[in-house]
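Undergrad: My structure is in entry.cif, and what it holds is mmCIF, C-alpha atoms:
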```cif
data_data
#
loop_
_atom_site.label_atom_id
_atom_site.label_comp_id
_atom_site.auth_asym_id
_atom_site.auth_seq_id
_atom_site.Cartn_x
_atom_site.Cartn_y
_atom_site.Cartn_z
CA MET X 1 18.00 -7.24 -4.87
CA ALA X 2 20.28 -6.03 -2.09
CA ASN X 3 23.26 -5.81 -4.47
CA TYR X 4 21.57 -3.15 -6.61
CA VAL X 5 20.77 0.49 -5.94
CA ALA X 6 17.42 2.20 -6.47
CA TYR X 7 16.79 5.28 -8.63
CA PRO X 8 17.25 8.57 -6.75
CA VAL X 9 13.66 9.77 -7.18
CA TYR X 10 10.39 7.98 -7.88
CA ALA X 11 7.09 9.39 -9.12
CA PRO X 12 3.80 8.67 -7.30
CA ASP X 13 3.05 5.94 -9.90
CA GLY X 14 6.05 3.95 -8.61
CA PHE X 15 8.26 4.37 -11.67
CA PRO X 16 11.47 6.44 -11.64
CA SER X 17 10.61 10.12 -12.03
CA SER X 18 12.62 10.28 -15.27
CA TRP X 19 10.46 7.57 -16.88
CA GLU X 20 7.29 8.34 -18.83
CA GLN X 21 4.24 6.27 -17.97
CA LYS X 22 1.73 5.34 -20.69
CA ARG X 23 -0.25 2.45 -22.09
CA LEU X 24 1.48 0.03 -24.43
CA ARG X 25 -1.02 0.78 -27.20
CA PHE X 26 0.78 4.09 -27.79
CA ALA X 27 4.16 2.42 -28.39
CA LEU X 28 3.43 -0.72 -30.40
CA LYS X 29 1.28 -2.31 -33.08
CA MET X 30 -0.69 -5.42 -32.19
CA ASN X 31 -1.02 -8.41 -34.52
CA PRO X 32 0.19 -6.74 -37.76
CA SER X 33 -1.46 -7.65 -41.07
CA LYS X 34 0.12 -10.29 -43.30
CA GLY X 35 -0.78 -7.99 -46.20
CA GLU X 36 2.57 -6.28 -45.70
CA ILE X 37 4.50 -9.39 -46.78
CA ASP X 38 6.53 -8.84 -49.94
CA LEU X 39 7.62 -12.39 -50.83
CA GLU X 40 7.00 -14.91 -53.59
CA HIS X 41 4.73 -17.91 -52.93
CA SER X 42 7.75 -20.18 -53.38
CA ASP X 43 9.83 -18.38 -50.73
CA LEU X 44 10.48 -20.26 -47.51
CA VAL X 45 9.24 -18.88 -44.20
CA SER X 46 9.58 -20.21 -40.66
CA PHE X 47 6.69 -22.28 -39.30
CA VAL X 48 6.24 -22.09 -35.52
CA PRO X 49 3.83 -24.40 -33.62
CA MET X 50 3.27 -23.67 -29.93
CA ASP X 51 5.77 -26.29 -28.79
CA ALA X 52 8.48 -24.40 -30.71
CA VAL X 53 7.99 -21.28 -28.55
CA GLY X 54 10.22 -21.35 -25.50
CA GLU X 55 9.31 -20.52 -21.93
CA TYR X 56 10.86 -17.10 -21.25
CA GLY X 57 12.53 -16.84 -24.61
CA GLY X 58 13.69 -18.58 -27.74
CA ILE X 59 11.98 -20.07 -30.78
CA ARG X 60 12.89 -23.40 -32.33
CA LEU X 61 13.29 -22.68 -36.03
CA SER X 62 13.66 -26.20 -37.39
CA GLU X 63 10.53 -26.12 -39.55
CA GLU X 64 10.05 -24.17 -42.79
CA LYS X 65 7.28 -24.01 -45.38
CA GLU X 66 6.79 -22.28 -48.69
CA LEU X 67 4.71 -19.15 -48.26
CA GLY X 68 2.13 -20.51 -50.71
CA GLU X 69 1.58 -23.58 -48.50
CA ILE X 70 0.55 -21.52 -45.48
CA GLY X 71 -3.18 -21.41 -44.97
CA SER X 72 -5.16 -18.49 -43.66
CA GLY X 73 -5.47 -19.77 -40.10
CA TYR X 74 -2.00 -18.91 -38.84
CA THR X 75 -0.47 -15.96 -37.00
CA TYR X 76 2.03 -13.83 -38.94
CA PHE X 77 5.08 -12.18 -37.43
CA ARG X 78 8.55 -11.09 -38.50
CA ASP X 79 12.03 -10.51 -37.08
CA ASP X 80 12.09 -8.20 -34.01
CA ASP X 81 8.41 -8.83 -33.22
CA VAL X 82 7.64 -10.06 -29.70
CA VAL X 83 5.25 -13.03 -29.48
CA VAL X 84 3.36 -14.08 -26.35
CA ALA X 85 1.19 -17.16 -25.90
CA LYS X 86 -2.36 -16.10 -25.12
CA ILE X 87 -3.95 -19.40 -23.99
CA THR X 88 -3.74 -21.13 -20.60
CA PRO X 89 -1.48 -22.70 -19.37
CA CYS X 90 1.06 -21.50 -21.96
CA PHE X 91 0.70 -17.85 -20.91
CA GLU X 92 1.17 -18.62 -17.21
CA ASN X 93 4.16 -20.83 -18.04
CA GLY X 94 5.91 -17.89 -19.69
CA LYS X 95 5.80 -18.94 -23.33
CA GLY X 96 6.98 -16.04 -25.44
CA ALA X 97 9.97 -14.83 -27.41
CA LEU X 98 11.67 -12.08 -29.37
CA ALA X 99 11.68 -13.30 -32.98
CA LYS X 100 15.15 -13.45 -34.51
CA GLY X 101 16.65 -15.35 -37.42
CA LEU X 102 13.37 -16.20 -39.17
CA SER X 103 13.55 -17.56 -42.71
CA ASN X 104 13.22 -14.54 -45.00
CA LYS X 105 12.65 -12.63 -41.74
CA THR X 106 9.09 -14.00 -41.75
CA ALA X 107 7.17 -16.61 -39.75
CA PHE X 108 3.72 -18.07 -39.35
CA GLY X 109 2.70 -19.79 -36.16
CA THR X 110 -0.09 -21.00 -33.96
CA THR X 111 -3.17 -18.80 -33.71
CA GLU X 112 -2.67 -18.84 -29.93
CA LEU X 113 -0.03 -16.10 -30.12
CA HIS X 114 -0.31 -12.36 -29.64
CA VAL X 115 2.19 -10.42 -31.76
CA MET X 116 3.66 -7.08 -30.63
CA ARG X 117 5.68 -4.83 -32.89
CA ALA X 118 7.51 -2.06 -31.07
CA ASP X 119 7.52 1.54 -32.32
CA ARG X 120 11.32 1.86 -32.46
CA GLU X 121 11.22 5.57 -31.65
CA GLN X 122 9.69 4.78 -28.26
CA LEU X 123 10.34 1.14 -27.46
CA GLU X 124 13.21 -1.28 -27.96
CA PRO X 125 12.06 -4.82 -28.91
CA GLU X 126 14.49 -6.34 -26.40
CA PHE X 127 13.09 -4.20 -23.58
CA LEU X 128 9.54 -5.10 -24.64
CA PHE X 129 10.42 -8.80 -24.60
CA TYR X 130 11.78 -8.63 -21.07
CA LEU X 131 8.73 -6.64 -20.00
CA THR X 132 6.46 -9.46 -21.24
CA THR X 133 8.42 -12.02 -19.20
CA SER X 134 8.16 -10.00 -15.99
CA ASP X 135 6.02 -11.12 -13.07
CA LEU X 136 4.11 -7.83 -13.32
CA PHE X 137 2.98 -8.52 -16.89
CA ARG X 138 2.24 -12.22 -16.38
CA LYS X 139 0.34 -11.86 -13.10
CA PHE X 140 -1.84 -9.01 -14.36
CA GLY X 141 -2.40 -10.87 -17.63
CA GLU X 142 -3.45 -14.00 -15.78
CA SER X 143 -6.04 -12.01 -13.84
CA GLU X 144 -7.47 -10.65 -17.13
CA MET X 145 -7.91 -14.03 -18.83
CA TYR X 146 -11.39 -14.91 -20.04
CA GLY X 147 -13.08 -18.10 -21.19
CA ALA X 148 -13.81 -21.44 -19.58
CA GLY X 149 -11.44 -24.03 -18.14
CA GLY X 150 -8.56 -24.94 -20.40
CA GLN X 151 -9.67 -22.41 -23.03
CA LYS X 152 -8.94 -19.22 -21.10
CA ARG X 153 -7.09 -16.57 -23.08
CA VAL X 154 -5.42 -13.22 -22.48
CA PRO X 155 -7.30 -10.58 -24.48
CA GLU X 156 -5.52 -8.20 -26.83
CA SER X 157 -7.04 -5.32 -24.85
CA PHE X 158 -5.01 -6.30 -21.77
CA ILE X 159 -1.75 -5.76 -23.66
CA LYS X 160 -2.90 -2.50 -25.23
CA ASP X 161 -4.06 -1.10 -21.90
CA PHE X 162 -1.09 -2.31 -19.86
CA ARG X 163 0.57 0.70 -18.21
CA VAL X 164 4.35 0.80 -18.56
CA GLY X 165 7.12 3.07 -17.41
CA PHE X 166 9.18 4.10 -20.45
CA PRO X 167 12.81 5.07 -19.89
CA SER X 168 14.73 6.66 -22.74
CA ILE X 169 15.70 4.43 -25.68
CA GLY X 170 19.33 4.49 -24.54
CA GLU X 171 18.31 3.42 -21.05
CA GLN X 172 16.09 0.65 -22.45
CA GLN X 173 19.10 -0.64 -24.39
CA THR X 174 21.22 -0.61 -21.23
CA ILE X 175 18.56 -2.46 -19.26
CA ALA X 176 18.27 -5.06 -22.04
CA ARG X 177 22.07 -5.55 -22.13
CA PHE X 178 22.11 -5.94 -18.35
CA LEU X 179 19.33 -8.54 -18.50
CA ASP X 180 20.97 -10.39 -21.39
CA PHE X 181 24.10 -10.73 -19.26
CA LYS X 182 22.38 -11.60 -15.98
CA THR X 183 19.89 -14.08 -17.44
CA ALA X 184 22.72 -15.80 -19.36
CA GLN X 185 24.63 -16.18 -16.08
CA ILE X 186 21.58 -17.55 -14.27
CA ASP X 187 20.59 -19.82 -17.16
CA ALA X 188 24.10 -21.31 -17.20
CA LEU X 189 23.78 -22.13 -13.49
CA ILE X 190 20.33 -23.62 -14.04
CA ALA X 191 21.67 -25.73 -16.93
CA LYS X 192 24.43 -27.13 -14.68
CA LYS X 193 21.92 -28.02 -11.98
CA LYS X 194 19.59 -29.65 -14.51
CA SER X 195 22.53 -31.67 -15.82
CA LEU X 196 23.17 -32.86 -12.28
CA LEU X 197 19.48 -33.76 -11.94
CA ASP X 198 19.72 -35.82 -15.13
CA LYS X 199 22.77 -37.66 -13.79
CA LEU X 200 21.01 -38.41 -10.50
CA ALA X 201 17.96 -39.67 -12.40
CA GLU X 202 20.18 -41.93 -14.51
CA LYS X 203 21.93 -43.20 -11.38
CA ARG X 204 18.53 -43.98 -9.83
CA THR X 205 17.36 -45.80 -12.95
CA ALA X 206 20.62 -47.78 -13.26
CA LEU X 207 20.49 -48.85 -9.60
CA ILE X 208 16.91 -50.09 -9.94
CA SER X 209 17.48 -51.68 -13.36
CA HIS X 210 20.41 -53.80 -12.19
CA ALA X 211 18.56 -55.05 -9.12
CA VAL X 212 15.40 -56.07 -11.00
CA THR X 213 17.28 -57.94 -13.73
CA LYS X 214 20.26 -59.47 -11.88
CA GLY X 215 19.10 -59.59 -8.26
CA LEU X 216 21.17 -58.92 -5.15
CA ASP X 217 23.38 -62.02 -5.13
CA SER X 218 25.95 -62.02 -7.91
CA SER X 219 26.90 -65.64 -7.16
CA VAL X 220 23.56 -67.23 -8.15
CA PRO X 221 23.44 -69.26 -11.39
CA MET X 222 22.15 -67.37 -14.42
CA LYS X 223 20.12 -68.41 -17.45
CA ASP X 224 19.26 -66.96 -20.82
CA SER X 225 15.95 -65.12 -20.45
CA GLY X 226 15.08 -65.87 -24.06
CA VAL X 227 14.71 -62.13 -24.66
CA ALA X 228 17.67 -60.49 -26.40
CA TRP X 229 17.37 -57.08 -24.70
CA LEU X 230 16.77 -58.61 -21.25
CA GLY X 231 19.78 -60.93 -21.42
CA ASP X 232 20.71 -63.34 -18.64
CA ILE X 233 18.61 -63.42 -15.47
CA PRO X 234 18.91 -65.50 -12.28
CA ALA X 235 18.08 -69.12 -13.08
CA HIS X 236 15.17 -69.27 -10.62
CA TRP X 237 13.51 -66.10 -11.98
CA GLU X 238 10.80 -66.13 -14.61
CA ALA X 239 10.40 -63.72 -17.55
CA LYS X 240 6.74 -62.93 -18.12
CA ARG X 241 4.42 -60.21 -19.22
CA THR X 242 2.80 -57.81 -16.79
CA LYS X 243 -0.73 -58.97 -17.62
CA PHE X 244 0.00 -62.32 -15.95
CA THR X 245 0.84 -60.64 -12.63
CA VAL X 246 -2.08 -58.22 -12.23
CA SER X 247 -5.82 -58.64 -11.80
CA TYR X 248 -6.83 -55.37 -13.45
CA ILE X 249 -5.51 -52.97 -16.08
CA GLY X 250 -7.68 -49.97 -16.88
CA SER X 251 -8.16 -46.22 -16.62
CA GLY X 252 -10.93 -43.69 -16.23
CA LYS X 253 -12.12 -40.72 -18.19
CA THR X 254 -12.48 -36.98 -17.86
CA PRO X 255 -15.85 -36.33 -16.22
CA LYS X 256 -18.68 -35.22 -18.48
CA GLY X 257 -18.41 -31.46 -18.71
CA GLY X 258 -14.60 -31.52 -18.48
CA SER X 259 -12.82 -29.24 -16.06
CA GLU X 260 -16.02 -27.25 -15.54
CA VAL X 261 -17.26 -29.95 -13.14
CA TYR X 262 -14.19 -29.72 -10.90
CA VAL X 263 -14.92 -28.44 -7.40
CA GLN X 264 -12.83 -27.23 -4.46
CA GLU X 265 -13.36 -30.40 -2.44
CA GLY X 266 -15.01 -33.75 -2.93
CA ILE X 267 -13.77 -36.96 -4.53
CA MET X 268 -10.25 -36.82 -5.88
CA ILE X 269 -9.54 -37.43 -9.57
CA LEU X 270 -5.90 -38.19 -10.28
CA ARG X 271 -4.45 -36.87 -13.55
CA SER X 272 -1.07 -37.30 -15.22
CA GLN X 273 0.36 -34.24 -13.43
CA ASN X 274 -0.23 -36.01 -10.11
CA VAL X 275 1.72 -39.16 -11.05
CA HIS X 276 5.50 -38.93 -10.50
CA ASP X 277 8.19 -41.57 -10.02
CA LYS X 278 9.00 -40.24 -6.56
CA GLY X 279 5.42 -40.35 -5.33
CA LEU X 280 2.00 -38.86 -5.99
CA ARG X 281 1.89 -35.04 -5.97
CA LEU X 282 -1.38 -33.73 -4.67
CA ASP X 283 -0.69 -29.97 -4.76
CA ASP X 284 -2.61 -29.70 -8.05
CA VAL X 285 -5.30 -32.30 -7.59
CA ALA X 286 -8.82 -31.99 -9.02
CA TYR X 287 -12.03 -32.91 -7.21
CA ILE X 288 -15.47 -33.96 -8.41
CA THR X 289 -18.82 -34.25 -6.67
CA ASP X 290 -20.49 -37.51 -5.59
CA GLU X 291 -22.88 -37.12 -8.52
CA ALA X 292 -20.07 -36.77 -11.05
CA ASP X 293 -18.31 -39.71 -9.38
CA SER X 294 -21.20 -42.08 -10.08
CA ALA X 295 -19.97 -42.46 -13.67
CA GLN X 296 -16.37 -42.97 -12.52
CA ALA X 297 -16.75 -46.02 -10.27
CA ALA X 298 -14.84 -48.31 -12.66
CA SER X 299 -11.76 -46.14 -12.30
CA ARG X 300 -11.68 -46.14 -8.48
CA VAL X 301 -8.15 -46.62 -7.16
CA LEU X 302 -7.26 -48.84 -4.22
CA ALA X 303 -4.33 -48.66 -1.82
CA GLY X 304 -1.47 -50.61 -3.38
CA ASP X 305 -2.51 -49.94 -6.97
CA VAL X 306 0.34 -48.91 -9.25
CA LEU X 307 -0.44 -45.96 -11.53
CA LEU X 308 1.21 -45.41 -14.91
CA ASN X 309 0.89 -42.38 -17.17
CA ILE X 310 0.02 -43.67 -20.63
CA THR X 311 -0.23 -40.48 -22.74
CA GLY X 312 1.52 -37.18 -23.30
CA ALA X 313 4.93 -35.87 -22.32
CA SER X 314 4.83 -37.66 -18.96
CA ILE X 315 4.21 -41.12 -20.44
CA GLY X 316 5.93 -43.77 -18.32
CA ARG X 317 5.85 -41.93 -14.99
CA THR X 318 4.62 -44.19 -12.22
CA SER X 319 3.49 -44.08 -8.58
CA ILE X 320 2.06 -46.37 -5.92
CA VAL X 321 -1.24 -45.45 -4.25
CA PRO X 322 -0.23 -45.31 -0.57
CA THR X 323 -2.03 -46.73 2.47
CA PRO X 324 -4.29 -45.17 3.65
CA PHE X 325 -5.62 -43.11 0.75
CA PRO X 326 -8.91 -41.22 0.36
CA GLN X 327 -11.52 -42.17 -2.22
CA ALA X 328 -10.15 -41.29 -5.66
CA ASN X 329 -10.44 -42.04 -9.36
CA VAL X 330 -8.17 -41.55 -12.37
CA ASN X 331 -8.83 -39.99 -15.76
CA GLN X 332 -8.06 -41.50 -19.16
CA HIS X 333 -4.40 -40.46 -19.09
CA VAL X 334 -3.58 -42.65 -16.07
CA CYS X 335 -3.61 -46.45 -16.10
CA ILE X 336 -4.31 -48.55 -13.00
CA LEU X 337 -2.36 -51.81 -12.53
CA ARG X 338 -3.67 -53.90 -9.64
CA PRO X 339 -1.04 -56.47 -8.56
CA VAL X 340 -1.92 -60.05 -7.68
CA ARG X 341 -0.12 -60.02 -4.33
CA ASP X 342 0.93 -63.69 -4.54
CA LEU X 343 2.77 -62.95 -7.78
CA VAL X 344 4.14 -59.43 -7.41
CA THR X 345 4.22 -56.85 -4.64
CA PRO X 346 3.09 -53.29 -5.48
CA GLU X 347 6.52 -51.98 -4.50
CA TYR X 348 8.31 -54.40 -6.83
CA LEU X 349 5.97 -53.69 -9.74
CA TYR X 350 6.65 -49.99 -9.16
CA LEU X 351 10.41 -50.64 -9.33
CA LEU X 352 9.97 -52.59 -12.56
CA LEU X 353 8.12 -49.65 -14.13
CA CYS X 354 10.90 -47.29 -12.97
CA SER X 355 13.59 -49.45 -14.59
CA ARG X 356 15.48 -48.89 -17.82
CA GLN X 357 13.79 -52.02 -19.18
CA ALA X 358 10.36 -50.37 -18.78
CA LYS X 359 11.50 -47.04 -20.19
CA ASP X 360 13.05 -48.69 -23.25
CA GLN X 361 9.96 -50.78 -23.96
CA ILE X 362 7.66 -47.78 -23.64
CA SER X 363 9.97 -45.69 -25.82
CA SER X 364 9.98 -48.36 -28.54
CA LEU X 365 6.19 -48.45 -28.49
CA GLU X 366 6.01 -44.64 -28.65
CA ASN X 367 8.19 -44.63 -31.74
CA GLY X 368 6.20 -47.42 -33.32
CA THR X 369 2.53 -48.12 -32.81
CA CYS X 370 1.43 -45.89 -29.93
CA ARG X 371 2.26 -42.32 -30.89
CA GLU X 372 -0.96 -41.20 -29.19
CA GLY X 373 -0.19 -43.20 -26.05
CA LEU X 374 -0.14 -46.71 -24.64
CA ASN X 375 -3.24 -48.89 -24.74
CA PHE X 376 -4.07 -51.52 -22.14
CA THR X 377 -2.88 -54.39 -24.32
CA GLN X 378 0.51 -52.76 -24.66
CA VAL X 379 0.71 -52.08 -20.92
CA GLY X 380 -0.14 -55.72 -20.23
CA GLY X 381 2.47 -56.81 -22.76
CA LEU X 382 5.40 -55.16 -20.96
CA LEU X 383 7.92 -57.92 -20.24
CA PHE X 384 10.03 -58.22 -17.08
CA ALA X 385 11.94 -60.73 -14.98
CA PHE X 386 10.11 -61.78 -11.79
CA PRO X 387 11.82 -63.36 -8.77
CA PRO X 388 9.88 -65.18 -6.01
CA ILE X 389 7.89 -62.94 -3.65
CA GLN X 390 10.40 -63.25 -0.78
CA GLU X 391 13.18 -62.05 -3.06
CA GLN X 392 11.03 -59.19 -4.36
CA VAL X 393 10.58 -58.02 -0.77
CA ALA X 394 14.33 -58.24 -0.12
CA ILE X 395 15.14 -56.24 -3.26
CA VAL X 396 12.61 -53.55 -2.32
CA LEU X 397 14.00 -53.28 1.21
CA THR X 398 17.61 -53.17 0.01
CA LEU X 399 16.94 -50.47 -2.57
CA ALA X 400 14.71 -48.32 -0.37
CA ALA X 401 17.46 -46.45 1.49
CA LYS X 402 19.65 -46.01 -1.60
CA VAL X 403 16.79 -44.71 -3.73
CA LYS X 404 15.64 -42.36 -0.97
CA ALA X 405 19.16 -40.94 -0.65
CA ILE X 406 19.24 -40.17 -4.39
CA ASP X 407 15.74 -38.67 -4.19
CA ARG X 408 16.76 -36.43 -1.28
CA GLN X 409 19.78 -35.21 -3.23
CA SER X 410 17.59 -34.59 -6.29
CA GLY X 411 15.15 -32.67 -4.12
CA LYS X 412 17.91 -30.36 -2.88
CA VAL X 413 19.10 -29.70 -6.44
CA LEU X 414 15.54 -29.04 -7.57
CA SER X 415 15.11 -26.56 -4.70
CA VAL X 416 18.21 -24.68 -5.89
CA ILE X 417 16.83 -24.58 -9.45
CA GLU X 418 13.52 -23.19 -8.19
CA ARG X 419 15.32 -20.44 -6.27
CA LEU X 420 17.40 -19.57 -9.33
CA VAL X 421 14.25 -19.35 -11.47
CA GLU X 422 12.65 -17.08 -8.88
CA TYR X 423 15.76 -14.91 -8.76
CA ARG X 424 15.85 -14.68 -12.57
CA SER X 425 12.24 -13.53 -12.61
CA ALA X 426 12.84 -11.02 -9.82
CA VAL X 427 15.84 -9.48 -11.60
CA ILE X 428 13.85 -9.04 -14.81
CA THR X 429 10.82 -7.59 -13.04
CA ASN X 430 12.84 -5.15 -10.95
CA ALA X 431 14.90 -3.98 -13.92
CA VAL X 432 12.00 -3.30 -16.33
CA THR X 433 9.93 -1.56 -13.66
CA GLY X 434 12.76 0.65 -12.43
CA LYS X 435 13.07 -0.84 -8.96
CA ILE X 436 16.80 -1.16 -9.53
CA ASP X 437 19.08 1.32 -11.31
CA VAL X 438 21.39 -0.36 -13.83
CA ARG X 439 22.26 2.73 -15.89
CA ASP X 440 25.94 2.40 -15.00
CA PHE X 441 26.07 -1.28 -15.86
CA GLN X 442 29.03 -2.42 -17.95
CA ILE X 443 29.57 -6.00 -19.08
CA PRO X 444 32.57 -7.24 -17.08
CA GLN X 445 35.64 -7.89 -19.20
CA PRO X 446 37.43 -11.22 -18.79
CA ALA X 447 40.57 -10.98 -16.69
CA GLU X 448 43.65 -10.36 -18.76
CA VAL X 449 45.82 -13.41 -19.15
CA GLN X 450 49.26 -12.72 -17.76
CA GLU X 451 52.09 -13.91 -19.94
CA THR X 452 54.48 -16.16 -18.17
CA ALA X 453 58.16 -16.21 -18.78
#
```
Would you mind writing the file's structure down as structure tokens?
TA:
Amino acid sequence: MANYVAYPVYAPDGFPSSWEQKRLRFALKMNPSKGEIDLEHSDLVSFVPMDAVGEYGGIRLSEEKELGEIGSGYTYFRDDDVVVAKITPCFENGKGALAKGLSNKTAFGTTELHVMRADREQLEPEFLFYLTTSDLFRKFGESEMYGAGGQKRVPESFIKDFRVGFPSIGEQQTIARFLDFKTAQIDALIAKKKSLLDKLAEKRTALISHAVTKGLDSSVPMKDSGVAWLGDIPAHWEAKRTKFTVSYIGSGKTPKGGSEVYVQEGIMILRSQNVHDKGLRLDDVAYITDEADSAQAASRVLAGDVLLNITGASIGRTSIVPTPFPQANVNQHVCILRPVRDLVTPEYLYLLLCSRQAKDQISSLENGTCREGLNFTQVGGLLFAFPPIQEQVAIVLTLAAKVKAIDRQSGKVLSVIERLVEYRSAVITNAVTGKIDVRDFQIPQPAEVQETA
């Protein structure tokens, strides 16, 4: 924050001396009653499931329902209310928004939302929204969560008792305008970097896809694969289903007792968040005890196994279990494919599952018969072109350096995105807590276009 100045004087509580400190309960209403609604049963209102609430702002408003269709088990809010997810991990991930543009200015959403309505004489909704996205609010809220495992929630009392520095309404409006401008700038940069990431991912997929369908030698004779979407393949290759190249297809299960049985160290259990196309990520790995592992033996992974996510948003992500690897199991969201080494190498099977041909097949199954995820029959039914083992090894070796170069470039871009996200969060936090003084902020005007003769 070196480019910004501090306030001239601060009070002992850490807020600027001109700000008034008090608990939020004195400046807002929590979870207002739906009894205030003055609409007909046939009037349309916005319907907002949790996946429609953005991380750090925005609500997808594509769904509407008649008011009379809405049951009693939904959370009511209206335009200019601030909503915050209360359940883990949605709260920690920053899900929350300032409601704008609701149908008939009214919405009903998931029960896992807290609703805050600002007292406009004391608190601007825009300032309140940015306050709820600040690190200060989220970190303190995370420490106040109660409940077990994946059912932890932020209590309403945390929000009511949260101490805030209140600048004047005019100053709140200035801070909100400043943050609108700065976050829009940062978000535009993040969007450009994410677009570059997407292009690199497509380049990676295209490189792999060409090699595993056409081979490395463009002069070899080709033949019709007999599969319309696969097209011509080298004449000496064979199109066959995955089940004929592996000795085992299966997965595990969540241990009895769920996340409550996880321990700090023990036997690893790999979940979908650990399986990524560029390798296993073990920074968020779960562990179970030897006793809990006794029921998991069937899902033990071996070095050289290929793992495939078969449910959820990460369906299709794949990794190889490296050598050596500690004792580990998988849960029900991760499928183990154990290659028959005389028919397919682990590295080649991994490339096949990274290819466009795999992604398209999985996507077609998702849109058809496996909306809840892939089953083992469908995994075994994935169809690819297989060259002889020696050629598989050559393809893997040839692609290795090229794929690694793309992955390194992607890693650098991802690092920039992470720094931009951190900077965005820091700007918000410092502005709403008075660590930086933006009272003189003016939105820069575009440079005047000079007329040319």
Undergrad: Restricting the calculation to only C-alpha atoms: of X:Ala385, X:Leu136, X:Val154, X:Leu102, which residue gets closest to Glu238 of chain X?
TA: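 Of the candidates, the smallest distance to Glu238 of chain X is held by X:Ala385.
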Undergrad: Taking the point (6.7, -10.3, -16.2) as given in the file, collect each protein or nucleic acid residue that comes within 9 Å of it, counting only C-alpha atoms, and present the set as a list in words.
TA: Gly94, Tyr130, Leu131, Thr132, Thr133, Ser134, Asp135, Leu136, Phe137, Arg138, Lys139, Phe140, Ser425, Ala426, Ile428, Thr429 and Val432 of chain X
Undergrad: Under the PyMOL selection byres ((chain X and resi 20-27) around 8), which residues of this model are included? Write them out as a ChimeraX atom specification.
TA: /X:15,17-19,28-30,118-119,122-123,159-167
Undergrad: Quick one: of X:Val115, X:Ala228, X:Ala401, X:Leu382, who's nearest to Lys359 of chain X, counting all atoms listed in the file?
TA: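 Counting all atoms listed in the file, the residue closest to Lys359 of chain X is X:Leu382.
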Undergrad: Kindly indicate which residue among X:Leu302, X:Ala400, X:Ser410, X:Phe77 lies nearest to Gly35 of chain X, using all atoms listed in the file for the distances.
TA: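 Going through X:Leu302, X:Ala400, X:Ser410, X:Phe77 one by one, the smallest distance to Gly35 of chain X is for X:Phe77.
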Undergrad: Name the residues that the PyMOL selection byres ((chain X and resi 441) around 10) pulls out of this structure, and write them as a ChimeraX atom specification.
TA: /X:174-175,177-178,437-440,442-444
Undergrad: Here is a test: counting only C-alpha atoms, which residue of X:Ser103, X:Thr245, X:Thr110, X:Ser72 is nearest to Val84 of chain X?
TA: X:Thr110
Undergrad: Fewer than 4 positions away in the same chain doesn't count, so skip those; otherwise give me all residues within 12 Å of Gly73 of chain X, counting all atoms listed in the file, as a list in words.
TA: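 Non-adjacent residues within range: Lys34, Glu69, Phe108, Gly109, Thr110, Thr111, Glu112 and Leu113 of chain X.
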Undergrad: Please provide as a list in words all residues within 7 Å of Gly250 of chain X, with the sequence filter that same-chain residues fewer than 3 positions apart are discarded (counting all atoms listed in the file).
TA: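 Within the cut-off, the hits are Cys335, Ile336 and Phe376 of chain X.
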Undergrad: Leaving out segment 54-67 of chain X and any residue of its chain fewer than 3 positions from it, which residues lie within 8 Å of it when counting all atoms listed in the file, given as a list in words?
TA: Leu39, Glu40, His41, Ser42, Asp43, Leu44, Val45, Ser46, Phe47, Val48, Asp51, Ile70, Asn93, Gly94, Lys95, Gly96, Ala97, Leu98, Ala99, Leu102, Ser103 and Thr133 of chain X
Undergrad: Just to confirm, what's the straight-line distance from atom CA of Leu337 of chain X to atom CA of Val306 of chain X in Å (one decimal)?
TA: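 According to the coordinates, atom CA of Leu337 of chain X and atom CA of Val306 of chain X are separated by 5.1 Å.
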Undergrad: Which residue gives the smallest distance to Gly170 of chain X among X:Glu144, X:Asp80, X:Asp198, X:Glu121, with all atoms listed in the file counted?
TA: X:Glu121
Undergrad: Which residues are close to Ala176 of chain X, i.e. within 9 Å by only C-alpha atoms, leaving aside same-chain residues fewer than 4 positions away? Reply as a list in words.
TA: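 Answer for this query is Glu124, Glu126, Phe127, Tyr130, Glu171, Gln172, Asp180, Phe181, Ala431 and Val432 of chain X.
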